[in-house]
$ cat input06.txt   # compact mmCIF, C-alpha atoms
# COMPACT_ATOMS: atom_id res chain seq x y z
CA MET A 1 67.40 -64.67 63.85
CA CYS A 2 65.99 -65.93 60.57
CA CYS A 3 66.86 -63.76 57.56
CA SER A 4 63.61 -64.37 55.68
CA THR A 5 60.19 -65.90 55.85
CA VAL A 6 61.59 -69.41 55.40
CA CYS A 7 60.94 -71.45 58.53
CA PRO A 8 63.67 -73.78 59.80
CA SER A 9 62.99 -77.48 59.37
CA SER A 10 63.58 -79.77 62.33
CA SER A 11 65.42 -82.20 60.03
CA LEU A 12 68.18 -79.67 59.36
CA SER A 13 71.21 -78.99 61.53
CA GLN A 14 71.45 -75.80 63.59
CA SER A 15 74.18 -74.43 61.31
CA GLN A 16 72.04 -75.02 58.25
CA VAL A 17 69.06 -73.11 59.56
CA ALA A 18 70.99 -70.31 61.30
CA CYS A 19 70.03 -67.93 58.48
CA SER A 20 67.66 -69.42 55.93
CA MET A 21 67.09 -67.24 52.86
CA ARG A 22 65.03 -67.15 49.70
CA ILE A 23 67.73 -66.88 47.02
CA LEU A 24 67.02 -66.04 43.39
CA LEU A 25 69.87 -66.90 41.01
CA ALA A 26 69.48 -64.69 37.94
CA THR A 27 71.06 -64.70 34.48
CA GLY A 28 70.21 -63.03 31.21
CA HIS A 29 71.41 -66.08 29.29
CA PRO A 30 69.25 -69.10 28.46
CA TYR A 31 69.42 -71.92 30.96
CA ILE A 32 69.22 -75.70 31.14
CA PRO A 33 67.95 -77.48 29.05
CA GLN A 34 68.22 -74.83 26.32
CA ILE A 35 71.93 -74.39 26.93
CA ALA A 36 74.30 -76.49 29.01
CA GLY A 37 77.56 -74.60 29.40
CA GLY A 38 79.78 -74.39 32.44
CA ALA A 39 77.97 -71.38 33.92
CA GLN A 40 74.62 -73.12 33.66
CA SER A 41 75.95 -76.32 35.23
CA SER A 42 77.52 -74.29 38.04
CA MET A 43 74.25 -72.44 38.70
CA ASN A 44 72.32 -75.70 38.82
CA GLU A 45 74.73 -77.29 41.27
CA LEU A 46 74.79 -74.12 43.37
CA ALA A 47 70.98 -74.16 43.51
CA HIS A 48 70.89 -77.74 44.74
CA SER A 49 73.72 -77.17 47.24
CA LEU A 50 71.92 -74.17 48.72
CA MET A 51 68.65 -76.10 48.97
CA GLU A 52 70.40 -78.99 50.69
CA ARG A 53 71.48 -76.51 53.35
CA GLY A 54 67.98 -75.22 54.05
CA HIS A 55 67.60 -72.28 51.67
CA SER A 56 64.76 -71.78 49.18
CA VAL A 57 66.11 -71.27 45.67
CA ALA A 58 64.75 -70.33 42.26
CA VAL A 59 66.39 -69.30 38.99
CA ALA A 60 65.50 -66.44 36.67
CA ALA A 61 66.86 -67.00 33.16
CA GLY A 62 66.64 -65.79 29.60
CA LEU A 63 65.09 -67.70 26.74
CA SER A 64 66.33 -68.85 23.37
CA GLY A 65 63.69 -68.70 20.62
CA ARG A 66 64.35 -72.28 19.55
CA GLY A 67 62.89 -75.59 20.67
CA TRP A 68 59.95 -76.93 22.65
CA LEU A 69 60.69 -74.87 25.75
CA ALA A 70 60.46 -71.62 23.77
CA LEU A 71 57.14 -72.77 22.29
CA ARG A 72 55.83 -73.70 25.74
CA SER A 73 56.87 -70.33 27.11
CA ARG A 74 55.19 -68.43 24.28
CA VAL A 75 51.93 -70.22 25.04
CA LEU A 76 52.21 -69.44 28.76
CA PHE A 77 53.03 -65.79 28.05
CA LYS A 78 49.88 -65.50 25.96
CA LEU A 79 47.65 -67.32 28.45
CA SER A 80 48.88 -65.40 31.50
CA GLY A 81 49.44 -62.00 29.94
CA LYS A 82 52.73 -61.90 31.87
CA PRO A 83 56.30 -61.89 30.46
CA VAL A 84 57.32 -64.87 32.61
CA ALA A 85 56.91 -68.65 32.28
CA VAL A 86 57.81 -70.97 35.13
CA ASP A 87 58.75 -74.66 35.21
CA GLY A 88 60.16 -77.06 37.77
CA PHE A 89 61.99 -79.59 35.62
CA LEU A 90 65.23 -79.22 37.58
CA GLY A 91 63.80 -79.65 41.07
CA TYR A 92 63.24 -75.93 41.70
CA ASP A 93 61.32 -73.14 39.97
CA VAL A 94 62.92 -71.62 36.90
CA PHE A 95 61.36 -68.33 35.77
CA ARG A 96 62.07 -67.79 32.08
CA ALA A 97 61.66 -64.53 30.15
CA TRP A 98 62.92 -62.99 26.93
CA PHE A 99 64.54 -60.19 28.94
CA VAL A 100 65.07 -61.02 32.59
CA TRP A 101 65.77 -57.42 33.62
CA ASP A 102 62.32 -56.41 32.33
CA ALA A 103 60.66 -59.34 34.08
CA ILE A 104 62.50 -59.17 37.41
CA GLU A 105 59.69 -57.19 39.07
CA GLU A 106 57.13 -59.88 38.23
CA ILE A 107 59.55 -62.65 39.22
CA SER A 108 60.30 -60.93 42.54
CA ARG A 109 56.57 -60.51 43.18
CA ARG A 110 56.05 -64.26 42.74
CA PHE A 111 59.14 -65.63 44.48
CA LYS A 112 59.71 -62.87 47.06
CA PRO A 113 63.51 -63.28 47.26
CA SER A 114 65.52 -62.28 50.29
CA VAL A 115 68.36 -61.59 47.84
CA VAL A 116 69.06 -61.86 44.12
CA PHE A 117 72.41 -63.43 43.25
CA VAL A 118 73.08 -62.32 39.68
CA GLN A 119 75.26 -64.55 37.51
CA SER A 120 76.70 -64.07 34.01
CA GLY A 121 74.42 -62.71 31.29
CA PHE A 122 74.20 -58.91 31.64
CA PRO A 123 74.61 -58.84 35.43
CA ALA A 124 74.92 -55.04 35.63
CA ARG A 125 71.58 -54.61 33.86
CA ILE A 126 69.80 -57.09 36.11
CA ALA A 127 71.45 -55.75 39.27
CA SER A 128 70.53 -52.16 38.42
CA ARG A 129 66.90 -53.17 37.99
CA CYS A 130 66.90 -55.07 41.29
CA ARG A 131 68.31 -52.07 43.11
CA SER A 132 65.65 -49.78 41.63
CA LEU A 133 63.05 -52.16 43.07
CA GLY A 134 64.73 -52.20 46.48
CA VAL A 135 65.65 -55.88 46.20
CA PRO A 136 69.03 -56.82 47.80
CA VAL A 137 71.46 -57.96 45.12
CA ALA A 138 74.95 -59.47 44.85
CA ILE A 139 76.86 -60.42 41.70
CA TYR A 140 78.80 -63.59 40.88
CA LEU A 141 81.48 -62.65 38.34
CA ARG A 142 81.77 -65.62 35.98
CA ASN A 143 83.13 -64.02 32.77
CA VAL A 144 85.63 -61.28 32.02
CA GLU A 145 84.18 -60.08 28.69
CA ASP A 146 82.85 -56.51 28.85
CA GLU A 147 80.04 -57.29 26.43
CA ASP A 148 78.59 -59.79 28.89
CA LEU A 149 78.22 -57.19 31.65
CA GLY A 150 75.30 -55.28 30.18
CA GLY A 151 76.31 -52.00 31.78
CA ASP A 152 78.86 -50.15 33.85
CA ILE A 153 79.89 -52.38 36.73
CA SER A 154 81.79 -49.51 38.35
CA ALA A 155 78.47 -47.77 38.97
CA LEU A 156 77.51 -50.60 41.33
CA ARG A 157 80.30 -50.18 43.88
CA ASP A 158 78.01 -50.78 46.85
CA VAL A 159 77.12 -54.23 45.50
CA GLN A 160 79.02 -57.22 46.93
CA TYR A 161 80.84 -59.46 44.47
CA VAL A 162 81.91 -63.08 44.28
CA ALA A 163 84.45 -64.11 41.61
CA ASN A 164 84.84 -67.61 40.22
CA SER A 165 88.67 -67.49 40.26
CA GLU A 166 91.62 -65.44 41.42
CA PHE A 167 92.11 -64.49 37.76
CA THR A 168 88.56 -63.08 37.52
CA ALA A 169 88.93 -61.25 40.84
CA ARG A 170 92.20 -59.62 39.70
CA ARG A 171 90.72 -58.56 36.37
CA PHE A 172 87.71 -56.82 37.94
CA LYS A 173 89.83 -55.24 40.66
CA GLU A 174 92.29 -53.86 38.12
CA LYS A 175 89.70 -52.76 35.60
CA PHE A 176 86.78 -51.59 37.73
CA GLY A 177 88.22 -51.26 41.24
CA VAL A 178 85.72 -53.71 42.73
CA PRO A 179 86.86 -56.25 45.35
CA SER A 180 85.39 -59.72 45.40
CA THR A 181 85.35 -62.94 47.39
CA VAL A 182 86.79 -65.83 45.37
CA VAL A 183 84.64 -68.97 45.27
CA TYR A 184 85.29 -71.54 42.56
CA PRO A 185 82.29 -72.94 40.65
CA LEU A 186 80.50 -75.59 42.66
CA LEU A 187 80.83 -79.16 41.46
CA GLN A 188 79.09 -82.18 42.94
CA ARG A 189 81.91 -84.70 42.86
CA SER A 190 79.58 -87.70 42.53
CA ARG A 191 78.36 -86.40 39.15
CA TYR A 192 81.86 -86.62 37.65
CA GLU A 193 84.09 -88.98 39.62
CA THR A 194 84.72 -92.39 38.08
CA THR A 195 87.49 -94.83 37.25
CA PRO A 196 88.69 -93.82 33.77
CA GLU A 197 88.96 -96.61 31.22
CA CYS A 198 91.33 -94.51 29.10
CA ARG A 199 89.68 -95.10 25.73
CA ASN A 200 89.94 -91.65 24.16
CA VAL A 201 91.04 -88.04 24.25
CA THR A 202 88.04 -85.91 25.21
CA PHE A 203 87.20 -82.37 24.11
CA VAL A 204 84.12 -80.74 25.64
CA ASN A 205 82.17 -78.03 23.81
CA PRO A 206 83.55 -77.94 20.23
CA HIS A 207 82.80 -74.27 19.62
CA PRO A 208 85.21 -72.00 17.69
CA SER A 209 85.90 -69.85 20.76
CA LYS A 210 86.67 -73.01 22.73
CA GLY A 211 89.36 -73.97 20.23
CA SER A 212 87.55 -76.46 18.00
CA ALA A 213 89.85 -75.73 15.05
CA LEU A 214 92.94 -76.49 17.14
CA ALA A 215 91.32 -79.63 18.57
CA LEU A 216 90.64 -80.86 15.04
CA ASP A 217 94.25 -80.15 14.06
CA ILE A 218 95.50 -82.14 17.06
CA ALA A 219 93.28 -85.06 16.09
CA GLU A 220 94.49 -84.88 12.50
CA HIS A 221 98.09 -85.21 13.68
CA CYS A 222 97.16 -88.20 15.88
CA PRO A 223 95.22 -90.46 13.46
CA ASP A 224 95.91 -93.53 15.60
CA ILE A 225 94.29 -92.00 18.72
CA PRO A 226 90.49 -91.86 19.11
CA PHE A 227 89.02 -88.47 20.02
CA VAL A 228 85.55 -87.74 21.38
CA PHE A 229 84.04 -84.27 21.01
CA VAL A 230 81.14 -83.62 23.40
CA GLU A 231 78.66 -81.01 22.26
CA GLY A 232 77.95 -78.09 24.59
CA TRP A 233 76.81 -74.73 23.31
CA THR A 234 74.34 -74.69 20.43
CA LEU A 235 76.22 -74.20 17.17
CA ASP A 236 75.05 -72.11 14.23
CA ARG A 237 74.04 -74.28 11.28
CA GLU A 238 77.04 -73.27 9.16
CA ILE A 239 79.53 -73.81 11.99
CA ARG A 240 78.05 -77.19 12.84
CA GLN A 241 78.10 -78.29 9.20
CA ALA A 242 81.75 -77.30 8.84
CA LEU A 243 82.57 -79.23 12.02
CA LEU A 244 80.79 -82.35 10.77
CA GLU A 245 82.55 -82.18 7.39
CA ARG A 246 85.97 -81.90 9.01
CA ILE A 247 85.19 -84.76 11.41
CA ALA A 248 84.07 -86.96 8.52
CA LYS A 249 87.42 -86.43 6.78
CA LEU A 250 89.44 -87.40 9.85
CA GLY A 251 87.95 -90.73 10.81
CA ASN A 252 89.25 -90.76 14.40
CA VAL A 253 86.84 -88.20 15.88
CA THR A 254 83.39 -88.99 17.23
CA LEU A 255 80.92 -86.19 17.97
CA VAL A 256 78.46 -87.02 20.77
CA PRO A 257 75.45 -85.04 22.02
CA ARG A 258 75.68 -82.92 25.15
CA THR A 259 74.69 -84.76 28.28
CA GLN A 260 73.94 -84.14 31.94
CA ARG A 261 75.72 -87.42 32.72
CA MET A 262 79.29 -86.23 32.35
CA VAL A 263 80.45 -89.14 34.50
CA ASP A 264 79.86 -91.34 31.43
CA VAL A 265 82.07 -89.04 29.36
CA TYR A 266 84.91 -89.11 31.86
CA ARG A 267 84.66 -92.87 32.32
CA ASN A 268 86.01 -93.27 28.78
CA ALA A 269 88.58 -90.48 28.85
CA ARG A 270 92.34 -90.82 29.30
CA ILE A 271 93.12 -87.17 28.56
CA VAL A 272 90.99 -84.02 28.42
CA ILE A 273 92.09 -81.18 26.16
CA VAL A 274 91.03 -77.55 26.67
CA PRO A 275 92.40 -75.55 23.72
CA SER A 276 90.25 -72.44 24.35
CA LYS A 277 91.04 -69.30 22.39
CA TRP A 278 89.24 -66.96 24.75
CA GLU A 279 90.07 -66.10 28.34
CA GLU A 280 88.30 -68.76 30.35
CA ALA A 281 87.44 -67.22 33.70
CA PHE A 282 88.12 -70.56 35.40
CA GLY A 283 87.97 -73.77 33.38
CA ARG A 284 85.34 -75.98 34.98
CA VAL A 285 86.01 -78.96 32.73
CA ALA A 286 89.53 -79.25 34.17
CA ALA A 287 88.19 -79.57 37.70
CA GLU A 288 85.61 -82.12 36.56
CA ALA A 289 88.33 -84.24 34.95
CA HIS A 290 90.61 -84.01 37.99
CA PHE A 291 88.02 -85.70 40.21
CA SER A 292 88.72 -88.89 38.23
CA GLY A 293 92.46 -88.37 37.99
CA ILE A 294 92.30 -87.44 34.30
CA PRO A 295 95.19 -85.19 33.22
CA VAL A 296 94.31 -82.05 31.29
CA VAL A 297 96.21 -80.40 28.45
CA ALA A 298 95.10 -76.77 28.18
CA ASN A 299 95.95 -73.37 26.80
CA ARG A 300 97.86 -71.13 29.19
CA ILE A 301 95.22 -68.43 29.08
CA GLY A 302 92.81 -66.71 31.47
CA GLY A 303 91.93 -68.78 34.52
CA LEU A 304 92.99 -72.10 33.00
CA PRO A 305 96.41 -72.18 34.72
CA GLU A 306 94.60 -71.83 38.04
CA ALA A 307 92.11 -74.57 37.18
CA VAL A 308 94.67 -77.01 35.77
CA GLY A 309 97.47 -76.47 38.29
CA PRO A 310 99.70 -79.53 38.67
CA GLY A 311 96.94 -81.73 37.28
CA GLY A 312 97.99 -81.36 33.67
CA LEU A 313 100.05 -79.51 31.11
CA LEU A 314 99.77 -75.92 29.91
CA ILE A 315 100.61 -74.92 26.35
CA ASP A 316 101.46 -71.38 25.31
CA PRO A 317 98.69 -69.88 23.13
CA ALA A 318 101.24 -69.05 20.42
CA ALA A 319 102.72 -72.57 20.36
CA PRO A 320 102.42 -74.66 17.18
CA VAL A 321 100.12 -77.66 17.07
CA SER A 322 103.19 -79.90 17.36
CA GLU A 323 103.51 -79.00 21.07
CA TRP A 324 99.94 -80.12 21.69
CA VAL A 325 100.55 -83.31 19.75
CA ARG A 326 103.71 -84.03 21.74
CA ALA A 327 101.89 -83.54 25.07
CA VAL A 328 98.92 -85.67 24.03
CA ARG A 329 101.06 -88.47 22.61
CA ARG A 330 103.21 -88.71 25.74
CA LEU A 331 100.19 -88.95 28.03
CA TRP A 332 98.59 -91.46 25.67
CA ALA A 333 101.59 -93.78 25.28
CA ASP A 334 103.62 -93.44 28.50
CA ASP A 335 101.72 -95.28 31.23
CA ALA A 336 104.14 -94.37 34.00
CA TYR A 337 103.97 -90.69 33.10
CA TRP A 338 100.18 -90.80 32.80
CA LYS A 339 99.92 -92.40 36.24
CA GLU A 340 102.14 -89.73 37.76
CA MET A 341 100.02 -86.98 36.22
CA SER A 342 96.81 -88.77 37.17
CA ILE A 343 97.80 -88.87 40.84
CA ALA A 344 98.63 -85.16 40.72
CA ALA A 345 95.30 -84.39 39.04
CA ARG A 346 93.28 -86.35 41.60
CA HIS A 347 95.15 -84.74 44.49
CA TYR A 348 94.60 -81.25 43.07
CA GLY A 349 90.90 -82.03 42.69
CA ARG A 350 90.69 -82.58 46.45
CA ARG A 351 91.90 -79.09 47.44
CA ASP A 352 89.85 -77.15 49.99
CA ALA A 353 88.83 -74.52 47.44
CA LEU A 354 86.68 -77.17 45.72
CA ASN A 355 85.04 -78.38 48.95
CA PRO A 356 81.30 -77.63 48.57
CA ASP A 357 80.80 -77.01 52.30
CA HIS A 358 83.51 -74.36 52.25
CA GLN A 359 82.21 -72.84 49.03
CA VAL A 360 78.59 -72.61 50.16
CA ARG A 361 79.62 -71.10 53.49
CA GLU A 362 81.51 -68.37 51.66
CA ILE A 363 78.59 -67.62 49.33
CA VAL A 364 76.02 -67.64 52.12
CA ALA A 365 78.20 -65.25 54.12
CA VAL A 366 78.23 -62.79 51.20
CA LEU A 367 74.49 -63.09 50.62
CA SER A 368 73.70 -62.77 54.33
CA ALA A 369 75.83 -59.63 54.50
CA THR A 370 73.99 -58.28 51.45
CA VAL A 371 70.62 -58.85 53.12
CA ALA A 372 71.81 -57.32 56.40
CA LYS A 373 73.25 -54.27 54.64
CA SER A 374 69.96 -53.61 52.85
CA ARG A 375 68.21 -53.13 56.20
CA PHE A 376 70.22 -50.05 57.13

$ encode --input "input06.txt" --output "structure tokens"
Amino acid sequence: MCCSTVCPSSSLSQSQVACSMRILLATGHPYIPQIAGGAQSSMNELAHSLMERGHSVAVAAGLSGRGWLALRSRVLFKLSGKPVAVDGFLGYDVFRAWFVWDAIEEISRRFKPSVVFVQSGFPARIASRCRSLGVPVAIYLRNVEDEDLGGDISALRDVQYVANSEFTARRFKEKFGVPSTVVYPLLQRSRYETTPECRNVTFVNPHPSKGSALALDIAEHCPDIPFVFVEGWTLDREIRQALLERIAKLGNVTLVPRTQRMVDVYRNARIVIVPSKWEEAFGRVAAEAHFSGIPVVANRIGGLPEAVGPGGLLIDPAAPVSEWVRAVRRLWADDAYWKEMSIAARHYGRRDALNPDHQVREIVAVLSATVAKSRF
């Protein structure tokens, strides 16, 4: 039996069309192209993976007040008299609003979702609104910060949860008593896998919470090694200016704009560093690097040990910069050691938990159960 109004296509396999749904991925945060963090990349790849398997997908996302997309949205809000602007730049409809939870009724009226799969960005607030409208809802737990929840998650015990790591699942089980199905963030291997030319040490998203100060210190202690910092989150003017001034003093660090072509970034990388200060729920950049056999040096914090595994080195958060420098220098200079770690990284990147078919099956099972439960 079909779970929604989507009709099976004859070009799809029987397993793909067994239960075709209209799935709305929802977040209170801004979305691509306004912001391009790990959560946004994971949502985009999840959307495409679900569509490839016969489901109809749209995204509901918040808006930043900056840039051409904000201006376009303001014009559309005024012309339509509605708090929602829609675009299809990414190959599917993205409904953008200042406050998604206030606009979810209008978005649901237009898209008619079988189920709303709420991501990071005030998920409790969005989920509560969906439930009040009678729309089936599940939550993908992508962060462990309470301020990102937007409400009391324990009040939503009848909602089904997916967690992006064992670490995230444990945290929510211990803190809120909610069980969850663990599904790592989806990654389309072809977007990242390459043969590394080993030209630099790469650091993605030079934001203070991601450890930009430590990354700069590491680079300062390795003046003979080229570093590339790849922009991610939008930086406040003062923070960005301070970053540029420090980079200018070093001479061995290049700051490059954020890109959707991360394969080009990894093609030049020999090592990826992840010196995050906060508790990363998973550590997507580690998995991206592993596809190309690039070893990762990361903080032993949050979900990073799970993401890095044997494919790199973990440094204690309290360790001095000298430990980071020692790890980076050995991987940079010792070819035999680098090759050993590279093989381990590539092998770890092939584990079943990162197989998109397995991941999508798990997610679809949760969403199908959510839809079925709502009928009783």

$ atom_distance --input "input06.txt" --atom1 "CA of Ile239 (chain A)" --atom2 "CA of Asn205 (chain A)"
12.8 Å

$ residues_around --input "input06.txt" --residues "region 348-362 of chain A" --least-positions-apart "4" --cutoff "6 Å" --atoms "only C-alpha atoms" --output "PyMOL selection string"
chain A and resi 183+290-291

$ write_last_selection --input "input06.txt" --atoms "C-alpha atoms" --output "PDB file, in the frame of the given file"
ATOM      1  CA  VAL A 183      84.640 -68.970  45.270  1.00  0.00           C
ATOM      2  CA  HIS A 290      90.610 -84.010  37.990  1.00  0.00           C
ATOM      3  CA  PHE A 291      88.020 -85.700  40.210  1.00  0.00           C
TER       4      PHE A 291
END

$ residues_around --input "input06.txt" --residues "region 118-126 of chain A" --least-positions-apart "6" --cutoff "6 Å" --atoms "only C-alpha atoms" --output "mmCIF file with C-alpha atoms, in the frame of the given file"
data_model
loop_
_atom_site.group_PDB
_atom_site.id
_atom_site.type_symbol
_atom_site.label_atom_id
_atom_site.label_comp_id
_atom_site.auth_asym_id
_atom_site.auth_seq_id
_atom_site.Cartn_x
_atom_site.Cartn_y
_atom_site.Cartn_z
ATOM 1 C CA LEU A 25 69.870 -66.900 41.010
ATOM 2 C CA ALA A 26 69.480 -64.690 37.940
ATOM 3 C CA THR A 27 71.060 -64.700 34.480
ATOM 4 C CA GLY A 28 70.210 -63.030 31.210
ATOM 5 C CA HIS A 29 71.410 -66.080 29.290
ATOM 6 C CA TRP A 101 65.770 -57.420 33.620
ATOM 7 C CA ILE A 139 76.860 -60.420 41.700
ATOM 8 C CA TYR A 140 78.800 -63.590 40.880
ATOM 9 C CA ARG A 142 81.770 -65.620 35.980
ATOM 10 C CA ASP A 148 78.590 -59.790 28.890
ATOM 11 C CA LEU A 149 78.220 -57.190 31.650
ATOM 12 C CA GLY A 150 75.300 -55.280 30.180
ATOM 13 C CA GLY A 151 76.310 -52.000 31.780
ATOM 14 C CA ILE A 153 79.890 -52.380 36.730
#

$ axis_aligned_box --input "input06.txt" --around "region 30-47 of chain A" --padding-each-side "6 Å" --output "JSON"
{"center_x": 73.9, "center_y": -73.3, "center_z": 34.9, "size_x": 23.8, "size_y": 20.4, "size_z": 29.2}

$ closest_residue --input "input06.txt" --among "A:Val84, A:Met21, A:Val263, A:Ala163" --to "Glu105 (chain A)" --atoms "only C-alpha atoms"
A:Val84

$ atom_distance --input "input06.txt" --atom1 "CA of Gln160 (chain A)" --atom2 "CA of Glu174 (chain A)"
16.3 Å

$ residues_near_point --input "input06.txt" --point "(58.2, -64.4, 46.8)" --cutoff "10 Å" --atoms "all atoms listed in the file" --output "compact mmCIF listing (two decimals) with C-alpha atoms, in the frame of the given file"
# COMPACT_ATOMS: atom_id res chain seq x y z
CA THR A 5 60.19 -65.90 55.85
CA ARG A 22 65.03 -67.15 49.70
CA ILE A 23 67.73 -66.88 47.02
CA LEU A 24 67.02 -66.04 43.39
CA ALA A 58 64.75 -70.33 42.26
CA GLU A 106 57.13 -59.88 38.23
CA ILE A 107 59.55 -62.65 39.22
CA SER A 108 60.30 -60.93 42.54
CA ARG A 109 56.57 -60.51 43.18
CA ARG A 110 56.05 -64.26 42.74
CA PHE A 111 59.14 -65.63 44.48
CA LYS A 112 59.71 -62.87 47.06
CA PRO A 113 63.51 -63.28 47.26
CA SER A 114 65.52 -62.28 50.29

$ closest_residue --input "input06.txt" --among "A:Cys222, A:Ala289, A:Ala365, A:Leu314" --to "Arg191 (chain A)" --atoms "all atoms listed in the file"
A:Ala289

$ closest_atom_pairs --input "input06.txt" --of "region 194-268 of chain A" --to "region 322-325 of chain A" --cutoff "12 Å" --atoms "all atoms listed in the file" --output "JSON lines"
{"residue": "A:Val201", "atom": "CA", "partner": "A:Val325", "partner_atom": "CA", "distance": 11.5}
{"residue": "A:Leu214", "atom": "CA", "partner": "A:Trp324", "partner_atom": "CA", "distance": 9.1}
{"residue": "A:Ala215", "atom": "CA", "partner": "A:Trp324", "partner_atom": "CA", "distance": 9.2}
{"residue": "A:Leu216", "atom": "CA", "partner": "A:Val325", "partner_atom": "CA", "distance": 11.2}
{"residue": "A:Asp217", "atom": "CA", "partner": "A:Val325", "partner_atom": "CA", "distance": 9.1}
{"residue": "A:Ile218", "atom": "CA", "partner": "A:Val325", "partner_atom": "CA", "distance": 5.8}
{"residue": "A:Ala219", "atom": "CA", "partner": "A:Val325", "partner_atom": "CA", "distance": 8.3}
{"residue": "A:Glu220", "atom": "CA", "partner": "A:Val325", "partner_atom": "CA", "distance": 9.6}
{"residue": "A:His221", "atom": "CA", "partner": "A:Val325", "partner_atom": "CA", "distance": 6.8}
{"residue": "A:Cys222", "atom": "CA", "partner": "A:Val325", "partner_atom": "CA", "distance": 7.1}
{"residue": "A:Pro223", "atom": "CA", "partner": "A:Val325", "partner_atom": "CA", "distance": 10.9}
{"residue": "A:Asp224", "atom": "CA", "partner": "A:Val325", "partner_atom": "CA", "distance": 12.0}
{"residue": "A:Ile225", "atom": "CA", "partner": "A:Val325", "partner_atom": "CA", "distance": 10.8}

$ atom_distance --input "input06.txt" --atom1 "CA of Ala97 (chain A)" --atom2 "CA of Ala61 (chain A)"
6.5 Å

$ closest_residue --input "input06.txt" --among "A:Val57, A:Trp98, A:Ser212, A:Leu304" --to "Ser73 (chain A)" --atoms "only C-alpha atoms"
A:Trp98

$ closest_residue --input "input06.txt" --among "A:Val137, A:Ala127, A:Ala281, A:Ala269" --to "Trp332 (chain A)" --atoms "all atoms listed in the file"
A:Ala269

$ residues_around --input "input06.txt" --residues "region 194-196 of chain A" --least-positions-apart "6" --cutoff "9 Å" --atoms "all atoms listed in the file" --output "list in words"
Val263, Asp264, Tyr266, Arg267, Asn268, Ala269, Arg270, Phe291, Ser292, Gly293 and Ile294 of chain A

$ closest_residue --input "input06.txt" --among "A:Val296, A:Thr168, A:Val178, A:Pro226" --to "Arg199 (chain A)" --atoms "all atoms listed in the file"
A:Pro226

$ residues_around --input "input06.txt" --residues "Thr202 (chain A)" --least-positions-apart "2" --cutoff "7 Å" --atoms "only C-alpha atoms" --output "JSON, numbers by chain"
{"A": [200, 204, 227, 228, 229, 269, 271, 272, 273]}

$ decode --input "input06.txt" --residues "region 346-373 of chain A" --atoms "C-alpha atoms" --output "mmCIF file, in the first residue's frame"
data_model
loop_
_atom_site.group_PDB
_atom_site.id
_atom_site.type_symbol
_atom_site.label_atom_id
_atom_site.label_comp_id
_atom_site.auth_asym_id
_atom_site.auth_seq_id
_atom_site.Cartn_x
_atom_site.Cartn_y
_atom_site.Cartn_z
ATOM 1 C CA ARG A 346 39.990 4.722 3.703
ATOM 2 C CA HIS A 347 38.977 1.373 5.200
ATOM 3 C CA TYR A 348 37.059 3.067 8.014
ATOM 4 C CA GLY A 349 35.281 5.233 5.443
ATOM 5 C CA ARG A 350 33.867 2.086 3.852
ATOM 6 C CA ARG A 351 32.068 0.812 6.975
ATOM 7 C CA ASP A 352 28.425 -0.229 6.632
ATOM 8 C CA ALA A 353 27.220 2.629 8.830
ATOM 9 C CA LEU A 354 28.192 5.054 6.041
ATOM 10 C CA ASN A 355 26.482 3.047 3.284
ATOM 11 C CA PRO A 356 23.726 5.326 1.889
ATOM 12 C CA ASP A 357 21.418 2.412 1.055
ATOM 13 C CA HIS A 358 21.568 1.213 4.651
ATOM 14 C CA GLN A 359 21.155 4.733 6.014
ATOM 15 C CA VAL A 360 18.149 5.618 3.864
ATOM 16 C CA ARG A 361 16.453 2.316 4.682
ATOM 17 C CA GLU A 362 16.790 3.080 8.384
ATOM 18 C CA ILE A 363 15.409 6.604 7.991
ATOM 19 C CA VAL A 364 12.537 5.519 5.761
ATOM 20 C CA ALA A 365 11.625 2.820 8.287
ATOM 21 C CA VAL A 366 11.368 5.454 11.047
ATOM 22 C CA LEU A 367 9.356 7.842 8.892
ATOM 23 C CA SER A 368 7.041 5.074 7.656
ATOM 24 C CA ALA A 369 6.419 4.021 11.253
ATOM 25 C CA THR A 370 5.682 7.651 12.146
ATOM 26 C CA VAL A 371 3.105 7.901 9.352
ATOM 27 C CA ALA A 372 1.530 4.558 10.290
ATOM 28 C CA LYS A 373 1.334 5.510 13.969
#
